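To start, the structure under review is shown below, and the notes come after it.
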Amino acid sequence: MSDRTYAILGTGALGGFYGAKLQKSGLEVHYLLKSDYQQVSEQGLIIESKDGDFTLPQVNAYNDVDKMPRCDVVIVSLKTTQNQLLPNLLPPIVKDNGIVLVLQNGMDIEAEIAEIVSNVSIIGGLCFLCSNKVAPGHIHHLDYGQITLGEYTSNYQSTGITKKMQELASDFENAGISIELLADLLLGRWKKLVWNIPYNGLSVVLNARTDELMADMHTRKLVESLMWEVAAGAKSTGRIIPESFIQTMLDYTIKMKPYRTSMKIDFDEKRPLEVEAIFGNSLRKAETAGVNLQQIRCLYQQLKFLDMRNRN
């Protein structure tokens, strides 16, 4: 068994689920919590999962990063709307030559991490997971769960499959988490946006679950049109998303249990939306290459308005 130690920054529906699976497999995991700290420190984590329910009655819970030990791997699973906290959170807990695993949605996230910590490996993780936090310390895993890993280098040059990626994959697979390894992280980021941009954005603008978006002929066409525009953005940066991948994402979503996206949940709870990380950064990356993604820009502008009004 691996002796790598893990820290989770953001113990919510995603970080809490993966952290709990790693701990259950026998790894040492430390969790940074905010609102759930009291509950989790006293009663642990409850995971209700399609793969089997389990409870961790004792976990290493913290509400102060300065009390956490330095770890070999730090998993960043905060919402990107909280990334302004990372300059204070990351440096104290990641070991030299350690790994920062970024499990966040959006584009150019790893580049921001690279400005905060040096002498570490930065690996992007793209999660295809349907999971919700239903109560403090209680996570409901509905469907899927695979993570696609790719190592970051400056300007997102392709790295191939690195040793650090293989080490992480071994830990996650031993914990029962399916892993795919990517030679090209930028292509992986664009592929994740094929799903995130239409479903997260339209779920808020149209007040709809994924199954409702797919059941209506007009919204399904709109979803597919947005997917093709993401593919155009990818092509502007030299990455090609095949037609078969878009069809696969449509098919996956049709089979998915009725799902309220993470952005829709944030909107309903009046929390800030990840508009810039998912939409704004993608638009700017394509614009730099001379491509205007008009439908995505329209969705971006609507979301900026709704997000501001919702929080006010």
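Identifiers in this document derive from the order of the structure tokens: chains are assigned A, B, ..., residues are numbered from 1 separately in each chain, and ligands are numbered from 1 in order of occurrence.
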Give me the residues of range 179-267 of chain A that have any atom at most 10 Å from an atom of range 120-143 of chain A; for each, the nearest atom pair and the distance in Å, rounded to one decimal. Use only C-alpha atoms, sort by chain and number, and format it as JSON lines.
{"residue": "A:Ile179", "atom": "CA", "partner": "A:Cys127", "partner_atom": "CA", "distance": 9.5}
{"residue": "A:Glu180", "atom": "CA", "partner": "A:Leu126", "partner_atom": "CA", "distance": 9.5}
{"residue": "A:Leu181", "atom": "CA", "partner": "A:Gly125", "partner_atom": "CA", "distance": 9.5}
{"residue": "A:Leu182", "atom": "CA", "partner": "A:Gly124", "partner_atom": "CA", "distance": 9.7}
{"residue": "A:Leu185", "atom": "CA", "partner": "A:Gly124", "partner_atom": "CA", "distance": 7.0}
{"residue": "A:Leu186", "atom": "CA", "partner": "A:Gly124", "partner_atom": "CA", "distance": 9.4}
{"residue": "A:Gly188", "atom": "CA", "partner": "A:Leu126", "partner_atom": "CA", "distance": 7.3}
{"residue": "A:Arg189", "atom": "CA", "partner": "A:Leu126", "partner_atom": "CA", "distance": 7.2}
{"residue": "A:Lys191", "atom": "CA", "partner": "A:Leu126", "partner_atom": "CA", "distance": 9.2}
{"residue": "A:Lys192", "atom": "CA", "partner": "A:Leu126", "partner_atom": "CA", "distance": 6.7}
{"residue": "A:Leu193", "atom": "CA", "partner": "A:Leu126", "partner_atom": "CA", "distance": 9.8}
{"residue": "A:Trp195", "atom": "CA", "partner": "A:Phe128", "partner_atom": "CA", "distance": 9.4}
{"residue": "A:Asn196", "atom": "CA", "partner": "A:Phe128", "partner_atom": "CA", "distance": 10.0}
{"residue": "A:Met256", "atom": "CA", "partner": "A:Asp143", "partner_atom": "CA", "distance": 7.3}
{"residue": "A:Lys257", "atom": "CA", "partner": "A:Asp143", "partner_atom": "CA", "distance": 7.4}
{"residue": "A:Pro258", "atom": "CA", "partner": "A:Leu142", "partner_atom": "CA", "distance": 9.6}
{"residue": "A:Tyr259", "atom": "CA", "partner": "A:Cys130", "partner_atom": "CA", "distance": 7.4}
{"residue": "A:Arg260", "atom": "CA", "partner": "A:Cys130", "partner_atom": "CA", "distance": 9.0}
{"residue": "A:Thr261", "atom": "CA", "partner": "A:Cys130", "partner_atom": "CA", "distance": 8.3}
{"residue": "A:Ser262", "atom": "CA", "partner": "A:Asn132", "partner_atom": "CA", "distance": 8.0}
{"residue": "A:Ile265", "atom": "CA", "partner": "A:Asn132", "partner_atom": "CA", "distance": 9.0}
| task | Can you check which residues of range 18-123 of chain A DSSP gives as alpha helix (DSSP H) on the backbone and send them as a list of chain:residue names? | result |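 Matching residues for alpha helix (DSSP H) in range 18-123 of chain A are A:Tyr18, A:Gly19, A:Ala20, A:Lys21, A:Leu22, A:Gln23, A:Lys24, A:Tyr37, A:Gln38, A:Gln39, A:Val40, A:Ser41, A:Glu42, A:Gln43, A:Leu86, A:Pro87, A:Asn88, A:Leu89, A:Ile109, A:Glu110, A:Ala111, A:Glu112, A:Ile113, A:Ala114.
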| task | Go through A:Gln23, A:Asn292, A:Gln82, A:Thr11 one by one, measure the shortest atom-to-atom distance of each to Ser35 in chain A using only C-alpha atoms, and give the residue with the smallest value. | result |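 Distance minimum relative to Ser35 in chain A lands on A:Thr11.
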| request: For range 14-22 of chain A, please output as a ChimeraX atom specification all residues within 10 Å (counting only C-alpha atoms; exclusion window: fewer than 6 positions along the same chain). | output: /A:5-8,28-33,44-49,54-56,59,75-78,103-104,127,129-133,137-141,145,147,171-177
Write out as a tab-separated table the residues of range 60-144 of chain A that have any atom within 12 Å of an atom of range 268-279 of chain A, one row each with the nearest atom pair and its distance in Å to one decimal, counting only C-alpha atoms, sorted by chain and then rising number.
residue	atom	partner	partner_atom	distance
A:Leu78	CA	A:Glu274	CA	10.9
A:Lys79	CA	A:Glu274	CA	7.2
A:Thr80	CA	A:Glu274	CA	6.2
A:Thr81	CA	A:Glu274	CA	5.9
A:Gln82	CA	A:Pro272	CA	9.2
A:Asn83	CA	A:Ala277	CA	10.2
A:Gln104	CA	A:Ala277	CA	9.1
A:Asn105	CA	A:Ile278	CA	6.4
A:Gly106	CA	A:Ile278	CA	3.9
A:Met107	CA	A:Ala277	CA	5.9
A:Asp108	CA	A:Ala277	CA	7.7
A:Ile109	CA	A:Ala277	CA	7.4
A:Glu110	CA	A:Ala277	CA	11.2
A:Ala111	CA	A:Ala277	CA	11.9
A:Glu112	CA	A:Ala277	CA	10.9
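The space separating CA of Val291 in chain A from CA of Ala234 in chain A comes to 10.1 Å.
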